[in-house]
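Dropping start-v1.pdb in here (PDB, C-alpha atoms):
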ATOM      1  CA  MET A   1      37.458 -11.143  57.525
ATOM      2  CA  SER A   2      36.133 -12.249  54.134
ATOM      3  CA  PHE A   3      32.548 -12.536  52.956
ATOM      4  CA  LYS A   4      31.309 -16.122  52.695
ATOM      5  CA  ASP A   5      28.464 -15.128  50.377
ATOM      6  CA  LEU A   6      26.460 -12.107  49.230
ATOM      7  CA  GLU A   7      23.257 -12.888  51.112
ATOM      8  CA  PHE A   8      24.189 -10.401  53.821
ATOM      9  CA  LEU A   9      23.533  -7.611  51.319
ATOM     10  CA  ILE A  10      19.828  -8.436  51.281
ATOM     11  CA  SER A  11      19.473  -8.507  55.066
ATOM     12  CA  GLU A  12      21.661  -5.436  55.578
ATOM     13  CA  SER A  13      19.715  -3.437  52.987
ATOM     14  CA  LYS A  14      16.523  -4.072  54.969
ATOM     15  CA  ALA A  15      18.027  -3.213  58.349
ATOM     16  CA  GLY A  16      17.528   0.560  58.301
ATOM     17  CA  ARG A  17      15.500   3.150  56.462
ATOM     18  CA  LYS A  18      14.353   2.000  53.035
ATOM     19  CA  MET A  19      16.537   3.689  50.417
ATOM     20  CA  ARG A  20      14.867   5.557  47.547
ATOM     21  CA  LEU A  21      16.280   4.425  44.189
ATOM     22  CA  ALA A  22      16.137   6.851  41.253
ATOM     23  CA  VAL A  23      15.998   4.802  38.036
ATOM     24  CA  ALA A  24      17.151   6.766  34.987
ATOM     25  CA  ALA A  25      15.211   5.645  31.872
ATOM     26  CA  ALA A  26      13.245   2.833  33.497
ATOM     27  CA  GLN A  27      11.717   1.670  30.190
ATOM     28  CA  GLY A  28      13.450  -1.683  29.842
ATOM     29  CA  ILE A  29      12.396  -5.240  30.633
ATOM     30  CA  ASP A  30      15.615  -6.143  32.459
ATOM     31  CA  VAL A  31      15.555  -2.872  34.409
ATOM     32  CA  LEU A  32      11.940  -3.206  35.527
ATOM     33  CA  GLU A  33      12.426  -6.847  36.469
ATOM     34  CA  ALA A  34      15.378  -5.935  38.699
ATOM     35  CA  VAL A  35      13.579  -3.005  40.313
ATOM     36  CA  TRP A  36      10.411  -5.038  40.840
ATOM     37  CA  ASP A  37      12.336  -7.851  42.553
ATOM     38  CA  ALA A  38      14.192  -5.382  44.803
ATOM     39  CA  ALA A  39      11.002  -3.530  45.745
ATOM     40  CA  ARG A  40       9.132  -6.769  46.415
ATOM     41  CA  GLU A  41      11.989  -7.907  48.676
ATOM     42  CA  GLY A  42      11.741  -4.632  50.594
ATOM     43  CA  VAL A  43      15.258  -3.571  49.602
ATOM     44  CA  ILE A  44      14.376  -0.200  48.032
ATOM     45  CA  GLU A  45      11.579   2.226  47.224
ATOM     46  CA  PRO A  46      11.850   2.964  43.476
ATOM     47  CA  VAL A  47      11.268   6.220  41.615
ATOM     48  CA  LEU A  48      10.925   5.613  37.870
ATOM     49  CA  PHE A  49      12.096   8.298  35.428
ATOM     50  CA  GLY A  50      11.402   7.793  31.734
ATOM     51  CA  ASP A  51       8.869   7.012  29.033
ATOM     52  CA  LEU A  52       5.946   5.886  31.172
ATOM     53  CA  GLU A  53       3.962   4.423  28.276
ATOM     54  CA  LYS A  54       6.850   2.100  27.504
ATOM     55  CA  VAL A  55       7.296   1.397  31.213
ATOM     56  CA  ASP A  56       3.679   0.231  31.448
ATOM     57  CA  ALA A  57       3.975  -1.811  28.238
ATOM     58  CA  TYR A  58       7.075  -3.627  29.485
ATOM     59  CA  ALA A  59       5.509  -4.126  32.908
ATOM     60  CA  ALA A  60       2.472  -5.730  31.263
ATOM     61  CA  GLU A  61       4.788  -7.989  29.276
ATOM     62  CA  LEU A  62       6.454  -9.067  32.516
ATOM     63  CA  GLY A  63       3.099  -9.498  34.250
ATOM     64  CA  ILE A  64       3.918  -7.012  37.017
ATOM     65  CA  ASP A  65       2.140  -3.909  38.299
ATOM     66  CA  VAL A  66       4.307  -0.819  38.766
ATOM     67  CA  SER A  67       1.466   1.668  39.041
ATOM     68  CA  ASN A  68       2.118   2.167  42.755
ATOM     69  CA  PHE A  69       5.732   3.192  42.161
ATOM     70  CA  GLU A  70       6.523   6.892  42.057
ATOM     71  CA  ARG A  71       6.817   7.833  38.375
ATOM     72  CA  VAL A  72       8.234  10.892  36.619
ATOM     73  CA  PRO A  73       7.538  11.296  32.869
ATOM     74  CA  CYS A  74      10.525  12.185  30.656
ATOM     75  CA  SER A  75      10.622  12.767  26.910
ATOM     76  CA  SER A  76      14.191  11.526  26.315
ATOM     77  CA  GLU A  77      17.028   9.504  27.831
ATOM     78  CA  GLY A  78      18.915  12.726  28.530
ATOM     79  CA  GLU A  79      15.985  14.232  30.415
ATOM     80  CA  ALA A  80      15.538  11.026  32.411
ATOM     81  CA  ALA A  81      19.220  10.998  33.362
ATOM     82  CA  GLU A  82      19.148  14.674  34.345
ATOM     83  CA  LYS A  83      16.004  14.397  36.463
ATOM     84  CA  ALA A  84      17.164  11.200  38.165
ATOM     85  CA  VAL A  85      20.563  12.695  39.026
ATOM     86  CA  LYS A  86      18.941  15.898  40.292
ATOM     87  CA  ALA A  87      16.639  13.837  42.523
ATOM     88  CA  VAL A  88      19.685  12.215  44.117
ATOM     89  CA  SER A  89      21.764  15.393  44.401
ATOM     90  CA  SER A  90      18.839  17.242  46.023
ATOM     91  CA  GLY A  91      18.249  14.465  48.545
ATOM     92  CA  GLU A  92      14.886  13.406  47.143
ATOM     93  CA  ALA A  93      16.419  10.017  46.354
ATOM     94  CA  ASP A  94      19.281   8.132  47.973
ATOM     95  CA  LEU A  95      20.995   6.390  45.070
ATOM     96  CA  LEU A  96      20.968   6.144  41.297
ATOM     97  CA  MET A  97      20.429   3.250  38.901
ATOM     98  CA  LYS A  98      21.292   3.159  35.211
ATOM     99  CA  GLY A  99      18.246   2.107  33.225
ATOM    100  CA  ASN A 100      17.832   2.003  29.459
ATOM    101  CA  VAL A 101      20.185   4.933  28.899
ATOM    102  CA  LYS A 102      23.667   5.100  27.384
ATOM    103  CA  THR A 103      26.400   5.127  30.018
ATOM    104  CA  ALA A 104      27.920   8.275  28.469
ATOM    105  CA  THR A 105      24.582  10.089  28.752
ATOM    106  CA  LEU A 106      24.177   9.100  32.382
ATOM    107  CA  LEU A 107      27.743  10.030  33.305
ATOM    108  CA  LYS A 108      27.371  13.429  31.632
ATOM    109  CA  ALA A 109      24.564  14.145  34.084
ATOM    110  CA  VAL A 110      26.448  12.619  37.022
ATOM    111  CA  LEU A 111      29.467  14.848  36.318
ATOM    112  CA  ASN A 112      27.500  18.080  35.835
ATOM    113  CA  LYS A 113      29.289  20.770  37.854
ATOM    114  CA  GLU A 114      26.107  22.488  39.068
ATOM    115  CA  TRP A 115      23.799  19.664  40.138
ATOM    116  CA  GLY A 116      25.685  16.432  39.493
ATOM    117  CA  LEU A 117      27.167  13.911  41.896
ATOM    118  CA  ARG A 118      30.856  14.831  41.611
ATOM    119  CA  THR A 119      33.057  14.472  44.689
ATOM    120  CA  GLY A 120      36.502  15.006  43.219
ATOM    121  CA  ALA A 121      37.202  11.276  43.431
ATOM    122  CA  MET A 122      37.597   9.142  40.343
ATOM    123  CA  LEU A 123      34.595   7.070  39.287
ATOM    124  CA  SER A 124      35.300   3.341  39.111
ATOM    125  CA  HIS A 125      33.422   0.077  38.894
ATOM    126  CA  LEU A 126      33.643  -2.639  41.540
ATOM    127  CA  PHE A 127      32.058  -6.050  41.114
ATOM    128  CA  LEU A 128      31.723  -8.521  43.985
ATOM    129  CA  PHE A 129      31.511 -12.204  43.017
ATOM    130  CA  TYR A 130      30.516 -15.205  45.076
ATOM    131  CA  ILE A 131      32.407 -18.152  43.578
ATOM    132  CA  PRO A 132      30.986 -21.540  44.675
ATOM    133  CA  LYS A 133      34.276 -23.409  44.190
ATOM    134  CA  LEU A 134      36.095 -20.932  46.426
ATOM    135  CA  GLY A 135      33.256 -20.782  48.927
ATOM    136  CA  ARG A 136      33.745 -17.066  49.427
ATOM    137  CA  VAL A 137      33.473 -13.634  47.802
ATOM    138  CA  VAL A 138      36.172 -11.889  45.799
ATOM    139  CA  SER A 139      35.824  -8.551  44.056
ATOM    140  CA  LEU A 140      37.274  -7.123  40.864
ATOM    141  CA  THR A 141      38.154  -3.622  39.739
ATOM    142  CA  ASP A 142      37.953  -2.272  37.121
ATOM    143  CA  GLY A 143      36.347  -4.316  34.385
ATOM    144  CA  GLY A 144      33.656  -1.802  33.520
ATOM    145  CA  MET A 145      34.862   1.783  33.346
ATOM    146  CA  THR A 146      38.593   2.453  33.554
ATOM    147  CA  MET A 147      40.279   1.350  30.342
ATOM    148  CA  TYR A 148      44.063   1.548  30.734
ATOM    149  CA  PRO A 149      44.900   2.884  34.194
ATOM    150  CA  ASP A 150      48.302   4.358  34.998
ATOM    151  CA  LEU A 151      49.924   4.047  38.420
ATOM    152  CA  ASN A 152      48.028   6.941  40.023
ATOM    153  CA  THR A 153      44.744   5.696  38.591
ATOM    154  CA  LYS A 154      45.401   2.220  39.979
ATOM    155  CA  LYS A 155      46.002   3.779  43.382
ATOM    156  CA  ALA A 156      42.606   5.511  43.108
ATOM    157  CA  LEU A 157      40.945   2.235  42.073
ATOM    158  CA  ILE A 158      42.321   0.569  45.196
ATOM    159  CA  GLU A 159      41.190   3.440  47.408
ATOM    160  CA  ASN A 160      37.625   3.331  46.033
ATOM    161  CA  ALA A 161      37.407  -0.434  46.506
ATOM    162  CA  VAL A 162      38.858  -0.280  50.024
ATOM    163  CA  SER A 163      36.403   2.455  50.998
ATOM    164  CA  CYS A 164      33.566   0.205  49.816
ATOM    165  CA  TYR A 165      34.855  -2.749  51.823
ATOM    166  CA  ARG A 166      35.204  -0.655  54.960
ATOM    167  CA  LYS A 167      31.573   0.457  54.609
ATOM    168  CA  LEU A 168      30.663  -3.209  54.391
ATOM    169  CA  GLY A 169      32.513  -3.949  57.635
ATOM    170  CA  VAL A 170      35.958  -5.140  56.453
ATOM    171  CA  ASP A 171      38.459  -2.791  58.077
ATOM    172  CA  CYS A 172      41.590  -3.996  56.268
ATOM    173  CA  PRO A 173      40.878  -5.848  53.012
ATOM    174  CA  LYS A 174      43.614  -7.708  51.141
ATOM    175  CA  VAL A 175      44.341  -6.379  47.643
ATOM    176  CA  ALA A 176      46.066  -8.462  44.956
ATOM    177  CA  VAL A 177      47.522  -6.510  42.025
ATOM    178  CA  LEU A 178      47.200  -8.957  39.154
ATOM    179  CA  ALA A 179      49.568  -9.701  36.295
ATOM    180  CA  ALA A 180      50.344 -12.736  34.158
ATOM    181  CA  VAL A 181      53.286 -13.582  36.440
ATOM    182  CA  GLU A 182      54.189 -13.112  40.098
ATOM    183  CA  VAL A 183      57.651 -11.645  39.564
ATOM    184  CA  VAL A 184      58.676  -8.146  38.525
ATOM    185  CA  ASN A 185      59.613  -8.075  34.852
ATOM    186  CA  PRO A 186      60.785  -4.766  33.323
ATOM    187  CA  ASP A 187      59.282  -5.860  30.000
ATOM    188  CA  MET A 188      55.810  -6.100  31.618
ATOM    189  CA  PRO A 189      54.802  -2.607  32.843
ATOM    190  CA  CYS A 190      51.906  -3.901  34.952
ATOM    191  CA  THR A 191      54.389  -5.818  37.146
ATOM    192  CA  LEU A 192      56.321  -2.602  37.775
ATOM    193  CA  ASP A 193      53.060  -0.858  38.769
ATOM    194  CA  ALA A 194      52.237  -3.758  41.080
ATOM    195  CA  ALA A 195      55.585  -3.520  42.857
ATOM    196  CA  ALA A 196      55.185   0.257  43.189
ATOM    197  CA  LEU A 197      51.675  -0.075  44.629
ATOM    198  CA  LYS A 198      52.916  -2.598  47.181
ATOM    199  CA  GLN A 199      55.674  -0.209  48.245
ATOM    200  CA  MET A 200      53.226   2.717  48.414
ATOM    201  CA  ASN A 201      51.062   0.639  50.738
ATOM    202  CA  LEU A 202      54.027  -0.242  52.958
ATOM    203  CA  ARG A 203      54.910   3.454  53.226
ATOM    204  CA  GLY A 204      51.390   4.523  54.115
ATOM    205  CA  GLN A 205      50.512   6.142  50.788
ATOM    206  CA  ILE A 206      47.687   3.623  50.349
ATOM    207  CA  LYS A 207      45.947   3.101  53.672
ATOM    208  CA  ASN A 208      43.542   0.713  55.404
ATOM    209  CA  CYS A 209      44.448  -2.360  53.365
ATOM    210  CA  ILE A 210      47.242  -4.801  52.589
ATOM    211  CA  VAL A 211      48.506  -4.655  48.989
ATOM    212  CA  ASP A 212      50.696  -7.258  47.323
ATOM    213  CA  GLY A 213      51.760  -7.826  43.751
ATOM    214  CA  PRO A 214      52.468  -8.734  41.151
ATOM    215  CA  LEU A 215      50.377 -11.860  41.685
ATOM    216  CA  ALA A 216      48.941 -14.159  39.043
ATOM    217  CA  LEU A 217      45.240 -14.932  39.366
ATOM    218  CA  ASP A 218      45.768 -18.484  40.587
ATOM    219  CA  ASN A 219      48.058 -17.594  43.470
ATOM    220  CA  ALA A 220      45.967 -14.539  44.374
ATOM    221  CA  ILE A 221      42.889 -16.657  45.153
ATOM    222  CA  SER A 222      44.296 -20.143  45.863
ATOM    223  CA  GLU A 223      46.426 -20.789  48.940
ATOM    224  CA  GLU A 224      47.437 -24.148  47.461
ATOM    225  CA  SER A 225      48.738 -22.467  44.310
ATOM    226  CA  ALA A 226      50.635 -19.915  46.384
ATOM    227  CA  ARG A 227      52.266 -22.709  48.416
ATOM    228  CA  HIS A 228      53.278 -24.614  45.273
ATOM    229  CA  LYS A 229      55.011 -21.500  43.949
ATOM    230  CA  GLY A 230      56.673 -20.739  47.277
ATOM    231  CA  ILE A 231      54.951 -17.373  47.679
ATOM    232  CA  VAL A 232      54.937 -16.062  51.239
ATOM    233  CA  SER A 233      52.421 -13.247  51.499
ATOM    234  CA  GLU A 234      49.539 -12.014  53.622
ATOM    235  CA  VAL A 235      47.517 -11.591  50.431
ATOM    236  CA  ALA A 236      48.395 -14.577  48.232
ATOM    237  CA  GLY A 237      45.570 -17.118  48.287
ATOM    238  CA  LYS A 238      43.455 -14.843  50.477
ATOM    239  CA  ALA A 239      42.803 -11.786  48.292
ATOM    240  CA  ASP A 240      39.558  -9.893  48.819
ATOM    241  CA  ILE A 241      40.049  -7.378  45.999
ATOM    242  CA  LEU A 242      41.580  -8.163  42.601
ATOM    243  CA  LEU A 243      43.039  -5.157  40.781
ATOM    244  CA  VAL A 244      43.304  -6.003  37.079
ATOM    245  CA  PRO A 245      45.811  -4.301  34.753
ATOM    246  CA  ASP A 246      43.202  -3.020  32.284
ATOM    247  CA  ILE A 247      39.548  -3.184  31.273
ATOM    248  CA  GLU A 248      40.134  -6.039  28.834
ATOM    249  CA  ALA A 249      41.568  -8.315  31.519
ATOM    250  CA  GLY A 250      38.830  -7.240  33.932
ATOM    251  CA  ASN A 251      36.038  -7.850  31.459
ATOM    252  CA  MET A 252      37.311 -11.333  30.634
ATOM    253  CA  VAL A 253      38.029 -12.380  34.225
ATOM    254  CA  GLY A 254      34.601 -11.099  35.298
ATOM    255  CA  LYS A 255      32.779 -13.021  32.590
ATOM    256  CA  VAL A 256      34.687 -16.200  33.399
ATOM    257  CA  MET A 257      33.612 -15.830  37.029
ATOM    258  CA  MET A 258      29.979 -15.329  36.034
ATOM    259  CA  TYR A 259      29.486 -17.648  33.096
ATOM    260  CA  MET A 260      32.058 -20.409  33.585
ATOM    261  CA  ALA A 261      32.539 -20.508  37.363
ATOM    262  CA  GLY A 262      28.838 -20.171  38.208
ATOM    263  CA  GLY A 263      29.270 -16.961  40.150
ATOM    264  CA  VAL A 264      26.640 -14.620  41.520
ATOM    265  CA  GLY A 265      27.627 -10.972  41.619
ATOM    266  CA  ALA A 266      26.848  -7.437  42.708
ATOM    267  CA  GLY A 267      28.289  -4.372  41.011
ATOM    268  CA  VAL A 268      28.235  -0.599  41.468
ATOM    269  CA  ILE A 269      30.078   2.513  40.343
ATOM    270  CA  LEU A 270      31.978   4.133  43.206
ATOM    271  CA  GLY A 271      33.400   7.625  43.645
ATOM    272  CA  ALA A 272      30.200   9.675  43.233
ATOM    273  CA  LYS A 273      28.239  11.198  46.129
ATOM    274  CA  THR A 274      26.135   8.039  46.174
ATOM    275  CA  PRO A 275      26.576   4.627  44.541
ATOM    276  CA  ILE A 276      25.410   4.131  40.959
ATOM    277  CA  VAL A 277      23.861   0.735  40.265
ATOM    278  CA  LEU A 278      24.631  -0.866  36.898
ATOM    279  CA  THR A 279      23.110  -4.138  35.761
ATOM    280  CA  SER A 280      23.294  -5.846  32.396
ATOM    281  CA  ARG A 281      20.298  -7.375  30.673
ATOM    282  CA  PHE A 282      22.319 -10.602  30.667
ATOM    283  CA  ASP A 283      22.858 -10.590  34.431
ATOM    284  CA  SER A 284      20.900 -13.137  36.439
ATOM    285  CA  ALA A 285      17.988 -11.992  38.587
ATOM    286  CA  ALA A 286      20.120 -12.815  41.651
ATOM    287  CA  THR A 287      22.943 -10.549  40.461
ATOM    288  CA  LYS A 288      20.552  -7.700  39.649
ATOM    289  CA  LEU A 289      18.908  -7.917  43.062
ATOM    290  CA  ARG A 290      22.229  -8.022  44.893
ATOM    291  CA  SER A 291      23.609  -5.103  42.872
ATOM    292  CA  ILE A 292      20.684  -2.961  43.984
ATOM    293  CA  ALA A 293      21.089  -4.213  47.547
ATOM    294  CA  LEU A 294      24.820  -3.380  47.496
ATOM    295  CA  GLY A 295      24.030   0.141  46.327
ATOM    296  CA  ALA A 296      21.387   0.532  49.019
ATOM    297  CA  VAL A 297      23.737  -0.646  51.789
ATOM    298  CA  LEU A 298      26.509   1.699  50.666
ATOM    299  CA  ALA A 299      24.075   4.627  50.328
ATOM    300  CA  SER A 300      22.857   4.070  53.871
ATOM    301  CA  ARG A 301      26.431   4.307  55.213
TER     302      ARG A 301
END

Whole structure given in structure tokens:
Amino acid sequence: MSFKDLEFLISESKAGRKMRLAVAAAQGIDVLEAVWDAAREGVIEPVLFGDLEKVDAYAAELGIDVSNFERVPCSSEGEAAEKAVKAVSSGEADLLMKGNVKTATLLKAVLNKEWGLRTGAMLSHLFLFYIPKLGRVVSLTDGGMTMYPDLNTKKALIENAVSCYRKLGVDCPKVAVLAAVEVVNPDMPCTLDAAALKQMNLRGQIKNCIVDGPLALDNAISEESARHKGIVSEVAGKADILLVPDIEAGNMVGKVMMYMAGGVGAGVILGAKTPIVLTSRFDSAATKLRSIALGAVLASR
């Protein structure tokens, strides 16, 4: 089973109890726009932490009224991050969203040993893309957090992504471990990691998915390309999850999907007690809304 689009995230996020979204440092135009759209769609119930004077000023600039949202005044980004994380860890909110706060500041609060959202799992970023030319959804990890993963880290990236897919209803997603080529080359360490990850999957060390690699991007997502290169694989041409070799490759592939392939996306940080929603000010309104919806669906499950 593969996702044909991301619209199911909107309907699924409305299916059960409305999730409470704690927004850390809500004083930002792009943040408020995303939260407003999600609240108006009935996806979430927001709780805004931050500089409320700036929140109201930005809301006025956008022409929206956020006075009915729950609001918690904070004197700094650090205080907003701390209070938002505490709201989630205490159960007062269901999931967390990064607002106008540095990622390092937010993660410091998330990883606090006393009241943070640590689980013992590694934190990683997963982005789901709907690509019109493909007519389906593929996801990418990790183009946002993990810089230069070693073999064990790549295993953890796969496990986080697979756990997400299973919560979304895909019991056995197909994982392509990407490289520049589809053959093992001792001079290219990422191809050695790919072969090892495939073997670990075959031996049951990576469960609930099918892993193959190394695969180049074209034969990971195009069955025609895989046929031309004579690749026989359950994953080639049908990959659900793309594991990139490093953050640089992930960042570039992700931006190509968004800005050159006309993709719509949804991204979250996985591995904490609840999902953490990250949106960029340059993301489209559709991507922001679906990122919040993805977080809400995962939080509910």

>> For the provided coordinates, the residues matched by the PyMOL selection byres ((chain A and resi 13) around 9) should be stated as a PyMOL selection string.
In response: chain A and resi 8-12+14-19+42-44+293-298+300

>> Counting only C-alpha atoms, which residues sit no farther than 8 Å from the position (42.4, -13.5, 41.0) in the file's frame? I'd like them as a PyMOL selection string.
In response: chain A and resi 176+178+216-221+239+242

May I have the residues from that selection written out with C-alpha atoms, as a CSV table (one decimal), keeping the file's coordinate frame?
chain,number,residue,atom,x,y,z
A,176,ALA,CA,46.1,-8.5,45.0
A,178,LEU,CA,47.2,-9.0,39.2
A,216,ALA,CA,48.9,-14.2,39.0
A,217,LEU,CA,45.2,-14.9,39.4
A,218,ASP,CA,45.8,-18.5,40.6
A,219,ASN,CA,48.1,-17.6,43.5
A,220,ALA,CA,46.0,-14.5,44.4
A,221,ILE,CA,42.9,-16.7,45.2
A,239,ALA,CA,42.8,-11.8,48.3
A,242,LEU,CA,41.6,-8.2,42.6

> Could you write out as a ChimeraX atom specification the residues that the PyMOL selection byres ((chain A and resi 76-92) around 7) matches in the shown file?
Replying inline: /A:22-25,49-50,74-75,93-96,101,105-106,109-110,115-117

Quick one: write out the picked residues with C-alpha atoms as a PDB file, in the frame of the given file?
ATOM      1  CA  ALA A  22      16.137   6.851  41.253  1.00  0.00           C
ATOM      2  CA  VAL A  23      15.998   4.802  38.036  1.00  0.00           C
ATOM      3  CA  ALA A  24      17.151   6.766  34.987  1.00  0.00           C
ATOM      4  CA  ALA A  25      15.211   5.645  31.872  1.00  0.00           C
ATOM      5  CA  PHE A  49      12.096   8.298  35.428  1.00  0.00           C
ATOM      6  CA  GLY A  50      11.402   7.793  31.734  1.00  0.00           C
ATOM      7  CA  CYS A  74      10.525  12.185  30.656  1.00  0.00           C
ATOM      8  CA  SER A  75      10.622  12.767  26.910  1.00  0.00           C
ATOM      9  CA  ALA A  93      16.419  10.017  46.354  1.00  0.00           C
ATOM     10  CA  ASP A  94      19.281   8.132  47.973  1.00  0.00           C
ATOM     11  CA  LEU A  95      20.995   6.390  45.070  1.00  0.00           C
ATOM     12  CA  LEU A  96      20.968   6.144  41.297  1.00  0.00           C
ATOM     13  CA  VAL A 101      20.185   4.933  28.899  1.00  0.00           C
ATOM     14  CA  THR A 105      24.582  10.089  28.752  1.00  0.00           C
ATOM     15  CA  LEU A 106      24.177   9.100  32.382  1.00  0.00           C
ATOM     16  CA  ALA A 109      24.564  14.145  34.084  1.00  0.00           C
ATOM     17  CA  VAL A 110      26.448  12.619  37.022  1.00  0.00           C
ATOM     18  CA  TRP A 115      23.799  19.664  40.138  1.00  0.00           C
ATOM     19  CA  GLY A 116      25.685  16.432  39.493  1.00  0.00           C
ATOM     20  CA  LEU A 117      27.167  13.911  41.896  1.00  0.00           C
TER      21      LEU A 117
END

> Looking at A:Met260, A:Ala194, A:Val177, A:Leu107, which one is nearest to Ala236 in chain A, with distances taken over all atoms listed in the file?
Replying inline: A:Val177

>> Applying 7 Å and only C-alpha atoms, which residues near Pro173 in chain A remain after dropping the ones on its own chain fewer than 4 positions away? List them as a ChimeraX atom specification.
In response: /A:162,165,209-210,240

> In Å, with one decimal, what is the gap from CA of Asp5 in chain A to CA of Gly135 in chain A?
Replying inline: 7.6 Å

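A straight line drawn from CA of Cys172 in chain A to CA of Gly265 in chain A is 21.4 Å long.
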
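Here CA of Glu70 in chain A stands at a distance of 20.4 Å from CA of Lys288 in chain A.
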
>> My list of candidates is A:Asn201, A:Thr191, A:Arg290, A:Ile269. Which is closest to Ala121 in chain A when distances are computed with only C-alpha atoms?
In response: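 The closest residue to Ala121 in chain A is A:Ile269.
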
>> So, with only C-alpha atoms as the atoms that count, which of A:Asp37, A:Leu126, A:Ile276, A:Ile29 lies closest to Gly144 in chain A?
In response: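 Among A:Asp37, A:Leu126, A:Ile276, A:Ile29, it is A:Leu126 that comes nearest to Gly144 in chain A.
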
>> For this structure, which residues satisfy the selection - the PyMOL selection byres ((chain A and resi 132) around 10) - when it is evaluated on the file as given? I want them as a PyMOL selection string.
In response: chain A and resi 4-5+129-131+133-137+257+261-264

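Applying the 12 Å criterion to (6.8, -11.2, 35.6) in file coordinates and using all atoms listed in the file, one obtains the residues Ile29, Asp30, Leu32, Glu33, Ala34, Val35, Trp36, Asp37, Arg40, Tyr58, Ala59, Ala60, Glu61, Leu62, Gly63, Ile64, Asp65, Val66 and Ala285 of chain A.
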
> Leaving out Phe69 in chain A and any residue of its chain fewer than 5 positions from it, which residues lie within 10 Å of it when counting only C-alpha atoms, given as number ranges by chain?
Replying inline: A: 36, 39, 45-48

Once you have the residues from the selection above, write them out as an mmCIF file, keeping the file's coordinate frame, restricted to C-alpha atoms.
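Output file part.cif follows:
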data_model
loop_
_atom_site.group_PDB
_atom_site.id
_atom_site.type_symbol
_atom_site.label_atom_id
_atom_site.label_comp_id
_atom_site.auth_asym_id
_atom_site.auth_seq_id
_atom_site.Cartn_x
_atom_site.Cartn_y
_atom_site.Cartn_z
ATOM 1 C CA TRP A 36 10.411 -5.038 40.840
ATOM 2 C CA ALA A 39 11.002 -3.530 45.745
ATOM 3 C CA GLU A 45 11.579 2.226 47.224
ATOM 4 C CA PRO A 46 11.850 2.964 43.476
ATOM 5 C CA VAL A 47 11.268 6.220 41.615
ATOM 6 C CA LEU A 48 10.925 5.613 37.870
#

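If only C-alpha atoms are the atoms counted, then among A:Leu192, A:Ala104, A:Ile292, A:Leu215 the closest residue to Val31 in chain A is A:Ile292.
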
>> Using only C-alpha atoms, can you tell me which of A:Lys229, A:His125, A:Arg71, A:Lys108 comes closest to Gly254 in chain A?
In response: A:His125

Reconstruct N, CA, C and O atoms of range 195-204 of chain A; output as a short mmCIF file (atom, residue, chain, number, x, y, z; two decimals), in the frame of the given file.
data_model
loop_
_atom_site.label_atom_id
_atom_site.label_comp_id
_atom_site.auth_asym_id
_atom_site.auth_seq_id
_atom_site.Cartn_x
_atom_site.Cartn_y
_atom_site.Cartn_z
N ALA A 195 54.53 -3.67 41.85
CA ALA A 195 55.58 -3.52 42.86
C ALA A 195 55.54 -2.13 43.49
O ALA A 195 55.74 -1.97 44.70
N ALA A 196 55.26 -1.11 42.66
CA ALA A 196 55.18 0.26 43.19
C ALA A 196 54.00 0.41 44.13
O ALA A 196 54.11 1.06 45.19
N LEU A 197 52.87 -0.17 43.78
CA LEU A 197 51.68 -0.08 44.63
C LEU A 197 51.90 -0.77 45.97
O LEU A 197 51.47 -0.28 47.02
N LYS A 198 52.59 -1.91 45.93
CA LYS A 198 52.92 -2.60 47.18
C LYS A 198 53.79 -1.71 48.06
O LYS A 198 53.55 -1.59 49.28
N GLN A 199 54.78 -1.07 47.48
CA GLN A 199 55.67 -0.21 48.24
C GLN A 199 54.92 1.01 48.77
O GLN A 199 55.15 1.45 49.91
N MET A 200 54.03 1.57 47.97
CA MET A 200 53.23 2.72 48.41
C MET A 200 52.37 2.34 49.62
O MET A 200 52.20 3.13 50.56
N ASN A 201 51.85 1.13 49.61
CA ASN A 201 51.06 0.64 50.74
C ASN A 201 51.94 0.50 51.99
O ASN A 201 51.55 0.92 53.09
N LEU A 202 53.12 -0.06 51.82
CA LEU A 202 54.03 -0.24 52.96
C LEU A 202 54.43 1.10 53.57
O LEU A 202 54.65 1.19 54.78
N ARG A 203 54.50 2.13 52.74
CA ARG A 203 54.91 3.45 53.23
C ARG A 203 53.74 4.33 53.65
O ARG A 203 53.91 5.51 53.95
N GLY A 204 52.54 3.78 53.64
CA GLY A 204 51.39 4.52 54.12
C GLY A 204 50.75 5.44 53.10
O GLY A 204 49.90 6.25 53.45
#
